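Text of input.cif, listed as mmCIF, C-alpha atoms and all ligand atoms:
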```
data_data
#
loop_
_atom_site.group_PDB
_atom_site.id
_atom_site.type_symbol
_atom_site.label_atom_id
_atom_site.label_comp_id
_atom_site.auth_asym_id
_atom_site.auth_seq_id
_atom_site.Cartn_x
_atom_site.Cartn_y
_atom_site.Cartn_z
ATOM 1 C CA MET F 1 -74.022 -178.015 -60.826
ATOM 2 C CA GLU F 2 -72.126 -175.237 -62.622
ATOM 3 C CA LEU F 3 -74.177 -175.811 -65.762
ATOM 4 C CA ILE F 4 -77.377 -175.337 -63.739
ATOM 5 C CA LEU F 5 -76.018 -171.966 -62.561
ATOM 6 C CA VAL F 6 -75.173 -171.041 -66.169
ATOM 7 C CA GLY F 7 -78.758 -172.028 -67.042
ATOM 8 C CA ILE F 8 -80.088 -169.711 -64.312
ATOM 9 C CA ALA F 9 -77.951 -166.853 -65.676
ATOM 10 C CA ALA F 10 -79.237 -167.540 -69.201
ATOM 11 C CA LEU F 11 -82.799 -167.580 -67.873
ATOM 12 C CA ALA F 12 -82.232 -164.157 -66.241
ATOM 13 C CA ASP F 13 -81.438 -162.748 -69.702
ATOM 14 C CA ILE F 14 -84.762 -164.076 -70.994
ATOM 15 C CA ILE F 15 -86.662 -162.748 -67.935
ATOM 16 C CA GLY F 16 -85.048 -159.332 -68.523
ATOM 17 C CA GLY F 17 -86.240 -159.415 -72.136
ATOM 18 C CA TYR F 18 -89.716 -160.501 -71.093
ATOM 19 C CA LEU F 19 -89.960 -157.600 -68.613
ATOM 20 C CA THR F 20 -89.992 -155.175 -71.540
ATOM 21 C CA ILE F 21 -93.287 -156.524 -72.895
ATOM 22 C CA ILE F 22 -95.368 -157.019 -69.754
ATOM 23 C CA LYS F 23 -97.806 -154.337 -68.678
ATOM 24 C CA ARG F 24 -96.069 -153.273 -65.483
ATOM 25 C CA ARG F 25 -92.745 -152.341 -67.012
ATOM 26 C CA LEU F 26 -89.671 -151.794 -64.889
ATOM 27 C CA SER F 27 -89.250 -148.075 -64.303
ATOM 28 C CA ARG F 28 -86.171 -146.431 -65.704
ATOM 29 C CA ASP F 29 -84.960 -145.648 -62.180
ATOM 30 C CA THR F 30 -85.374 -149.235 -60.954
ATOM 31 C CA LEU F 31 -83.372 -150.437 -63.934
ATOM 32 C CA LEU F 32 -80.627 -147.895 -63.209
ATOM 33 C CA TYR F 33 -80.413 -149.013 -59.552
ATOM 34 C CA PHE F 34 -80.080 -152.612 -60.739
ATOM 35 C CA ILE F 35 -77.298 -151.570 -63.120
ATOM 36 C CA ALA F 36 -75.565 -149.558 -60.365
ATOM 37 C CA LEU F 37 -75.672 -152.524 -57.976
ATOM 38 C CA ALA F 38 -74.249 -154.809 -60.663
ATOM 39 C CA ALA F 39 -71.514 -152.244 -61.423
ATOM 40 C CA GLY F 40 -70.342 -152.108 -57.790
ATOM 41 C CA PHE F 41 -70.354 -155.888 -57.522
ATOM 42 C CA ILE F 42 -68.621 -156.757 -60.793
ATOM 43 C CA LEU F 43 -65.904 -154.114 -60.297
ATOM 44 C CA SER F 44 -65.080 -155.269 -56.781
ATOM 45 C CA ALA F 45 -65.097 -158.909 -57.912
ATOM 46 C CA CYS F 46 -62.529 -157.986 -60.602
ATOM 47 C CA ILE F 47 -60.361 -155.516 -58.699
ATOM 48 C CA LEU F 48 -60.390 -157.140 -55.264
ATOM 49 C CA ASP F 49 -60.500 -160.810 -56.245
ATOM 50 C CA ARG F 50 -59.745 -161.715 -59.868
ATOM 51 C CA VAL F 51 -56.917 -159.269 -60.688
ATOM 52 C CA PRO F 52 -54.783 -159.992 -57.577
ATOM 53 C CA GLU F 53 -55.459 -163.753 -57.932
ATOM 54 C CA THR F 54 -54.455 -163.683 -61.602
ATOM 55 C CA MET F 55 -51.252 -161.789 -60.790
ATOM 56 C CA LYS F 56 -50.397 -164.291 -58.063
ATOM 57 C CA GLU F 57 -50.861 -167.225 -60.446
ATOM 58 C CA ASN F 58 -49.095 -165.657 -63.399
ATOM 59 C CA PRO F 59 -47.800 -162.055 -63.591
ATOM 60 C CA ARG F 60 -48.156 -162.189 -67.373
ATOM 61 C CA GLY F 61 -51.891 -162.642 -66.868
ATOM 62 C CA ALA F 62 -52.150 -158.844 -66.804
ATOM 63 C CA LEU F 63 -51.677 -158.821 -70.571
ATOM 64 C CA TRP F 64 -54.567 -161.280 -71.006
ATOM 65 C CA ILE F 65 -56.801 -159.177 -68.797
ATOM 66 C CA LEU F 66 -56.114 -156.305 -71.185
ATOM 67 C CA VAL F 67 -56.842 -158.597 -74.171
ATOM 68 C CA GLY F 68 -60.211 -159.583 -72.633
ATOM 69 C CA PHE F 69 -60.995 -155.909 -72.020
ATOM 70 C CA MET F 70 -60.101 -154.959 -75.599
ATOM 71 C CA VAL F 71 -62.100 -157.833 -77.131
ATOM 72 C CA ILE F 72 -65.330 -156.597 -75.543
ATOM 73 C CA TYR F 73 -64.419 -152.977 -76.271
ATOM 74 C CA LEU F 74 -63.894 -153.811 -79.950
ATOM 75 C CA VAL F 75 -66.973 -155.994 -80.432
ATOM 76 C CA GLU F 76 -69.277 -153.580 -78.632
ATOM 77 C CA ASN F 77 -67.942 -150.576 -80.519
ATOM 78 C CA LEU F 78 -66.927 -151.853 -83.962
ATOM 79 C CA PHE F 79 -70.129 -153.816 -84.509
ATOM 80 C CA SER F 80 -72.273 -151.145 -82.948
ATOM 81 C CA THR F 81 -71.161 -148.237 -85.066
ATOM 82 C CA HIS F 82 -73.924 -146.647 -87.048
ATOM 83 C CA ALA F 83 -74.530 -143.418 -88.762
ATOM 84 C CA HIS F 84 -77.331 -140.997 -88.142
ATOM 85 C CA THR F 85 -77.956 -139.099 -91.336
ATOM 86 C CA ALA F 86 -77.860 -135.310 -91.157
ATOM 87 C CA GLU F 87 -81.577 -135.328 -91.917
ATOM 88 C CA GLU F 88 -82.319 -137.637 -88.975
ATOM 89 C CA VAL F 89 -80.323 -135.437 -86.647
ATOM 90 C CA GLN F 90 -82.075 -132.305 -87.942
ATOM 91 C CA THR F 91 -85.531 -133.815 -87.486
ATOM 92 C CA HIS F 92 -84.597 -134.878 -83.985
ATOM 93 C CA ILE F 93 -83.281 -131.433 -83.055
ATOM 94 C CA GLU F 94 -86.470 -129.837 -84.356
ATOM 95 C CA LYS F 95 -88.577 -132.208 -82.276
ATOM 96 C CA GLU F 96 -86.552 -132.376 -79.079
ATOM 97 C CA GLY F 97 -84.374 -129.283 -79.188
ATOM 98 C CA THR F 98 -81.190 -131.320 -78.726
ATOM 99 C CA PHE F 99 -79.406 -134.305 -80.117
ATOM 100 C CA HIS F 100 -77.277 -136.617 -78.025
ATOM 101 C CA GLU F 101 -74.924 -138.980 -79.733
ATOM 102 C CA HIS F 102 -75.281 -142.220 -77.843
ATOM 103 C CA SER F 103 -73.987 -145.708 -77.457
ATOM 104 C CA HIS F 104 -76.090 -148.630 -78.568
ATOM 105 C CA SER F 105 -74.557 -151.179 -76.285
ATOM 106 C CA PHE F 106 -75.921 -151.526 -72.798
ATOM 107 C CA VAL F 107 -78.207 -148.641 -72.074
ATOM 108 C CA ALA F 108 -79.595 -147.478 -75.360
ATOM 109 C CA GLN F 109 -83.128 -147.598 -74.008
ATOM 110 C CA ASP F 110 -82.275 -144.806 -71.615
ATOM 111 C CA VAL F 111 -81.515 -142.064 -74.091
ATOM 112 C CA GLY F 112 -85.058 -141.367 -75.150
ATOM 113 C CA CYS F 113 -84.384 -141.209 -78.868
ATOM 114 C CA GLU F 114 -84.936 -144.845 -79.707
ATOM 115 C CA TYR F 115 -86.466 -144.201 -83.077
ATOM 116 C CA LEU F 116 -83.051 -143.106 -84.300
ATOM 117 C CA ILE F 117 -81.676 -146.615 -83.936
ATOM 118 C CA ALA F 118 -81.275 -148.196 -87.327
ATOM 119 C CA PRO F 119 -82.291 -151.891 -87.410
ATOM 120 C CA SER F 120 -78.812 -152.776 -88.690
ATOM 121 C CA ALA F 121 -77.288 -151.015 -85.662
ATOM 122 C CA SER F 122 -79.563 -152.943 -83.313
ATOM 123 C CA TYR F 123 -78.510 -156.283 -84.870
ATOM 124 C CA ALA F 124 -74.883 -155.202 -84.534
ATOM 125 C CA ALA F 125 -75.476 -154.412 -80.860
ATOM 126 C CA LEU F 126 -77.063 -157.852 -80.485
ATOM 127 C CA LEU F 127 -73.953 -159.483 -81.949
ATOM 128 C CA GLY F 128 -71.695 -157.458 -79.607
ATOM 129 C CA LEU F 129 -73.783 -158.323 -76.552
ATOM 130 C CA ALA F 130 -73.953 -161.996 -77.600
ATOM 131 C CA ILE F 131 -70.141 -162.197 -77.515
ATOM 132 C CA HIS F 132 -70.191 -160.466 -74.124
ATOM 133 C CA ALA F 133 -72.849 -162.958 -72.912
ATOM 134 C CA PHE F 134 -70.675 -165.846 -74.166
ATOM 135 C CA PHE F 135 -67.933 -164.623 -71.783
ATOM 136 C CA ASP F 136 -70.493 -164.410 -68.944
ATOM 137 C CA GLY F 137 -71.065 -168.139 -69.365
ATOM 138 C CA VAL F 138 -67.325 -168.839 -69.753
ATOM 139 C CA ALA F 139 -66.596 -167.004 -66.467
ATOM 140 C CA ILE F 140 -68.988 -169.188 -64.463
ATOM 141 C CA THR F 141 -67.789 -172.643 -65.563
ATOM 142 C CA ALA F 142 -64.111 -171.635 -65.895
ATOM 143 C CA GLY F 143 -64.464 -170.149 -62.392
ATOM 144 C CA PHE F 144 -65.775 -173.443 -61.008
ATOM 145 C CA ALA F 145 -62.981 -175.353 -62.789
ATOM 146 C CA VAL F 146 -60.502 -173.220 -60.769
ATOM 147 C CA SER F 147 -62.339 -173.341 -57.417
ATOM 148 C CA ASN F 148 -65.861 -173.352 -55.991
ATOM 149 C CA HIS F 149 -65.116 -169.987 -54.394
ATOM 150 C CA THR F 150 -64.193 -168.378 -57.736
ATOM 151 C CA GLY F 151 -67.107 -170.024 -59.525
ATOM 152 C CA ALA F 152 -69.600 -168.753 -56.953
ATOM 153 C CA LEU F 153 -68.208 -165.201 -57.176
ATOM 154 C CA MET F 154 -68.300 -165.256 -60.987
ATOM 155 C CA PHE F 155 -71.888 -166.525 -60.914
ATOM 156 C CA LEU F 156 -72.910 -163.609 -58.668
ATOM 157 C CA ALA F 157 -70.994 -161.100 -60.817
ATOM 158 C CA VAL F 158 -72.939 -162.375 -63.837
ATOM 159 C CA ILE F 159 -76.394 -162.811 -62.324
ATOM 160 C CA PHE F 160 -76.604 -159.250 -60.975
ATOM 161 C CA HIS F 161 -76.341 -157.710 -64.447
ATOM 162 C CA LYS F 162 -78.289 -160.316 -66.439
ATOM 163 C CA ILE F 163 -81.780 -158.881 -66.018
ATOM 164 C CA PRO F 164 -80.698 -155.361 -67.157
ATOM 165 C CA GLU F 165 -78.783 -157.045 -70.009
ATOM 166 C CA GLY F 166 -81.862 -158.906 -71.330
ATOM 167 C CA PHE F 167 -83.997 -155.830 -70.769
ATOM 168 C CA SER F 168 -81.538 -153.626 -72.681
ATOM 169 C CA ILE F 169 -81.274 -155.751 -75.797
ATOM 170 C CA SER F 170 -85.010 -156.348 -75.956
ATOM 171 C CA SER F 171 -85.881 -152.652 -75.659
ATOM 172 C CA LEU F 172 -83.144 -151.801 -78.135
ATOM 173 C CA ILE F 173 -84.501 -154.209 -80.752
ATOM 174 C CA MET F 174 -88.024 -152.885 -80.218
ATOM 175 C CA GLY F 175 -86.699 -149.310 -80.255
ATOM 176 C CA ALA F 176 -85.338 -150.002 -83.727
ATOM 177 C CA GLY F 177 -88.804 -151.004 -84.901
ATOM 178 C CA GLY F 178 -88.649 -154.692 -84.003
ATOM 179 C CA SER F 179 -91.710 -156.569 -82.748
ATOM 180 C CA LYS F 180 -92.292 -157.656 -79.140
ATOM 181 C CA ARG F 181 -91.495 -161.184 -80.229
ATOM 182 C CA GLY F 182 -88.251 -159.935 -81.801
ATOM 183 C CA GLY F 183 -87.368 -158.209 -78.520
ATOM 184 C CA VAL F 184 -87.837 -161.346 -76.429
ATOM 185 C CA LEU F 185 -86.114 -163.443 -79.106
ATOM 186 C CA SER F 186 -83.032 -161.204 -78.889
ATOM 187 C CA ALA F 187 -82.900 -161.786 -75.104
ATOM 188 C CA LEU F 188 -83.256 -165.522 -75.807
ATOM 189 C CA ILE F 189 -80.245 -165.289 -78.147
ATOM 190 C CA LEU F 190 -78.215 -163.742 -75.290
ATOM 191 C CA GLY F 191 -79.385 -166.587 -73.032
ATOM 192 C CA ILE F 192 -78.257 -169.144 -75.609
ATOM 193 C CA ALA F 193 -74.891 -167.364 -76.009
ATOM 194 C CA THR F 194 -74.419 -167.451 -72.224
ATOM 195 C CA PHE F 195 -75.188 -171.156 -72.088
ATOM 196 C CA THR F 196 -72.924 -171.893 -75.072
ATOM 197 C CA GLY F 197 -70.051 -170.047 -73.340
ATOM 198 C CA GLY F 198 -70.704 -172.013 -70.157
ATOM 199 C CA VAL F 199 -70.726 -175.370 -71.947
ATOM 200 C CA PHE F 200 -67.624 -174.443 -73.975
ATOM 201 C CA ALA F 201 -65.566 -173.545 -70.882
ATOM 202 C CA TYR F 202 -66.950 -176.617 -69.094
ATOM 203 C CA LEU F 203 -65.830 -178.936 -71.887
ATOM 204 C CA VAL F 204 -62.364 -177.455 -72.357
ATOM 205 C CA GLY F 205 -61.728 -176.309 -68.789
ATOM 206 C CA SER F 206 -62.906 -179.143 -66.547
ATOM 207 C CA SER F 207 -60.049 -181.425 -67.632
ATOM 208 C CA ASN F 208 -57.450 -178.681 -68.071
ATOM 209 C CA THR F 209 -57.150 -176.203 -65.199
ATOM 210 C CA GLY F 210 -54.494 -174.186 -67.056
ATOM 211 C CA LEU F 211 -56.904 -173.548 -69.914
ATOM 212 C CA ALA F 212 -59.715 -172.746 -67.462
ATOM 213 C CA ARG F 213 -57.455 -170.143 -65.793
ATOM 214 C CA ALA F 214 -56.609 -168.636 -69.193
ATOM 215 C CA LEU F 215 -60.320 -168.358 -70.095
ATOM 216 C CA LEU F 216 -61.055 -166.892 -66.686
ATOM 217 C CA THR F 217 -58.354 -164.253 -67.198
ATOM 218 C CA LEU F 218 -59.942 -163.232 -70.509
ATOM 219 C CA ALA F 219 -63.356 -163.136 -68.815
ATOM 220 C CA THR F 220 -61.888 -160.941 -66.038
ATOM 221 C CA GLY F 221 -60.803 -158.401 -68.657
ATOM 222 C CA SER F 222 -64.264 -158.510 -70.240
ATOM 223 C CA PHE F 223 -65.868 -157.968 -66.810
ATOM 224 C CA LEU F 224 -63.647 -154.944 -66.174
ATOM 225 C CA TYR F 225 -64.913 -153.466 -69.431
ATOM 226 C CA ILE F 226 -68.538 -154.322 -68.646
ATOM 227 C CA GLY F 227 -68.271 -152.830 -65.145
ATOM 228 C CA ALA F 228 -66.298 -149.704 -65.937
ATOM 229 C CA SER F 229 -67.462 -148.900 -69.472
ATOM 230 C CA ASP F 230 -70.982 -150.341 -69.781
ATOM 231 C CA LEU F 231 -72.465 -150.250 -66.304
ATOM 232 C CA ILE F 232 -70.786 -147.278 -64.542
ATOM 233 C CA PRO F 233 -71.483 -144.785 -67.392
ATOM 234 C CA ALA F 234 -75.113 -145.972 -67.364
ATOM 235 C CA THR F 235 -75.420 -144.982 -63.710
ATOM 236 C CA ASN F 236 -74.303 -141.457 -64.637
ATOM 237 C CA GLN F 237 -77.501 -141.054 -66.636
ATOM 238 C CA GLY F 238 -79.741 -141.089 -63.573
ATOM 239 C CA ARG F 239 -81.927 -138.110 -62.853
ATOM 240 C CA ASN F 240 -80.825 -138.322 -59.247
ATOM 241 C CA LYS F 241 -77.676 -139.389 -57.477
ATOM 242 C CA ILE F 242 -79.260 -142.387 -55.715
ATOM 243 C CA SER F 243 -77.524 -144.725 -58.162
ATOM 244 C CA ILE F 244 -74.194 -143.782 -56.504
ATOM 245 C CA ILE F 245 -75.500 -145.314 -53.269
ATOM 246 C CA PHE F 246 -76.451 -148.457 -55.202
ATOM 247 C CA VAL F 247 -72.897 -148.722 -56.609
ATOM 248 C CA MET F 248 -71.596 -148.582 -53.016
ATOM 249 C CA PHE F 249 -74.236 -151.121 -52.060
ATOM 250 C CA GLY F 250 -72.954 -153.406 -54.838
ATOM 251 C CA ILE F 251 -69.468 -153.223 -53.304
ATOM 252 C CA LEU F 252 -70.910 -154.045 -49.874
ATOM 253 C CA LEU F 253 -72.823 -156.932 -51.423
ATOM 254 C CA PHE F 254 -69.531 -158.285 -52.747
ATOM 255 C CA ALA F 255 -68.008 -158.098 -49.240
ATOM 256 C CA LEU F 256 -71.104 -159.786 -47.830
ATOM 257 C CA SER F 257 -70.860 -162.542 -50.468
ATOM 258 C CA LEU F 258 -67.225 -163.188 -49.479
ATOM 259 C CA TYR F 259 -68.298 -163.423 -45.840
ATOM 260 C CA LEU F 260 -71.210 -165.766 -46.603
ATOM 261 C CA LEU F 261 -69.030 -167.992 -48.812
ATOM 262 C CA GLY F 262 -66.640 -168.235 -45.827
ATOM 263 C CA VAL F 263 -69.535 -169.140 -43.495
ATOM 264 C CA ALA F 264 -70.635 -171.816 -45.989
ATOM 265 C CA GLY F 265 -67.092 -173.232 -45.896
ATOM 266 C CA ILE F 266 -66.279 -172.193 -49.472
ATOM 267 C CA HIS F 267 -62.855 -170.582 -49.092
ATOM 268 C CA PRO F 268 -60.516 -169.297 -51.815
HETATM 269 ZN ZN ZN W 301 -73.425 -159.898 -69.331
#
```
In structure tokens, write the structure found in this file.
Amino acid sequence: MELILVGIAALADIIGGYLTIIKRRLSRDTLLYFIALAAGFILSACILDRVPETMKENPRGALWILVGFMVIYLVENLFSTHAHTAEEVQTHIEKEGTFHEHSHSFVAQDVGCEYLIAPSASYAALLGLAIHAFFDGVAITAGFAVSNHTGALMFLAVIFHKIPEGFSISSLIMGAGGSKRGGVLSALILGIATFTGGVFAYLVGSSNTGLARALLTLATGSFLYIGASDLIPATNQGRNKISIIFVMFGILLFALSLYLLGVAGIHP
């Protein structure tokens, strides 16, 4: 069952990638609202559920949450560093009047200067996001190894940001001069990384709950990073403030999910 849910999450990556090449593309605003919703949900899942649960189980878990946070911080930033040459910056300033230094992790398609992305930087971003996607998969099956309640929450925390994730990597690859096929292929790679993470945690975690909890703690740290440092800053780029309402809506959706899990008899 949990592997089917991991499969659905992986598929959402691929759908997100595919959305970049169809005629009726997602508008930038729609994508931002999606990201805002995912931000509200993933942050409340971490802060209201995973962090207190981890501390209850093992107070030293806090250190591993920080490790998970730092792993994603390092892979998304170390691998994604790139240099714009002075000439590139000058050309851009002449054309656009300004130059914004920008991140190439989650929301690079939003900055409007895609042609400045070097192909090597886009592959680095793909590697960073693939490691992140691996933890998405880990969180789902490690969550189910701990309890159905945790697994269901982790699945929701993952699924809400998967379509923007696939969309981001695909548009980033194409923004760096890649083909449409390359764009969708990059989203497929994220899907495969998600599934690999899910199978890995399933194999090592289903027979050893202690190990599943440890993996889940790492994944919690990675989710805190994704929520606070990938998704929330992306919502700040909106032309309007509606994305703030969607962040709040994401928090409400988390509360609603808790309620519905209770109704379905899936308690913590
Ligand atoms: Zn993800």
Show which residues sit within 9 Å of Ile65 (chain F), as a PyMOL selection string. Count only C-alpha atoms, and ignore same-chain residues fewer than 5 positions away.
-> chain F and resi 51+54+70+217-222+224
Counting only C-alpha atoms and all ligand atoms, figure out which residue out of F:Ser168, F:Thr20, F:Ser179, F:Thr141 gets nearest to ligand ZN 301 (chain W).
-> F:Ser168
Compute the set of protein, DNA and RNA residues whose minimum atom distance to ligand ZN 301 (chain W) is at most 10 Å, using all atoms listed in the file, and state it as a count of residues only.
-> 31
Around (-68.1, -146.4, -64.0) in the file's frame, which residues reach within 12 Å when counting all atoms listed in the file? Return as number ranges by chain?
-> F: 35-44, 224-237, 243-244, 247-248
Just the selected residues (C-alpha atoms), exported as a compact mmCIF listing (two decimals), keeping the file's coordinate frame, please.
```txt
# COMPACT_ATOMS: atom_id res chain seq x y z
CA ILE F 35 -77.30 -151.57 -63.12
CA ALA F 36 -75.56 -149.56 -60.36
CA LEU F 37 -75.67 -152.52 -57.98
CA ALA F 38 -74.25 -154.81 -60.66
CA ALA F 39 -71.51 -152.24 -61.42
CA GLY F 40 -70.34 -152.11 -57.79
CA PHE F 41 -70.35 -155.89 -57.52
CA ILE F 42 -68.62 -156.76 -60.79
CA LEU F 43 -65.90 -154.11 -60.30
CA SER F 44 -65.08 -155.27 -56.78
CA LEU F 224 -63.65 -154.94 -66.17
CA TYR F 225 -64.91 -153.47 -69.43
CA ILE F 226 -68.54 -154.32 -68.65
CA GLY F 227 -68.27 -152.83 -65.14
CA ALA F 228 -66.30 -149.70 -65.94
CA SER F 229 -67.46 -148.90 -69.47
CA ASP F 230 -70.98 -150.34 -69.78
CA LEU F 231 -72.46 -150.25 -66.30
CA ILE F 232 -70.79 -147.28 -64.54
CA PRO F 233 -71.48 -144.78 -67.39
CA ALA F 234 -75.11 -145.97 -67.36
CA THR F 235 -75.42 -144.98 -63.71
CA ASN F 236 -74.30 -141.46 -64.64
CA GLN F 237 -77.50 -141.05 -66.64
CA SER F 243 -77.52 -144.72 -58.16
CA ILE F 244 -74.19 -143.78 -56.50
CA VAL F 247 -72.90 -148.72 -56.61
CA MET F 248 -71.60 -148.58 -53.02
```
Using only C-alpha atoms, which residue out of F:Asn148, F:Asn208, F:Asn58, F:Ser27 lies closest to Pro268 (chain F)?
-> F:Asn148
Result set of the PyMOL selection byres (((chain F and resi 19) around 12) and not hetatm) on the coordinates above, as a list in words | Ala12, Asp13, Ile14, Ile15, Gly16, Gly17, Tyr18, Thr20, Ile21, Ile22, Lys23, Arg24, Arg25, Leu26, Ser27, Leu31, Ile163, Pro164, Glu165, Gly166, Phe167, Ser168, Ile169, Ser170, Ser171, Lys180, Gly183, Val184 and Ala187 of chain F
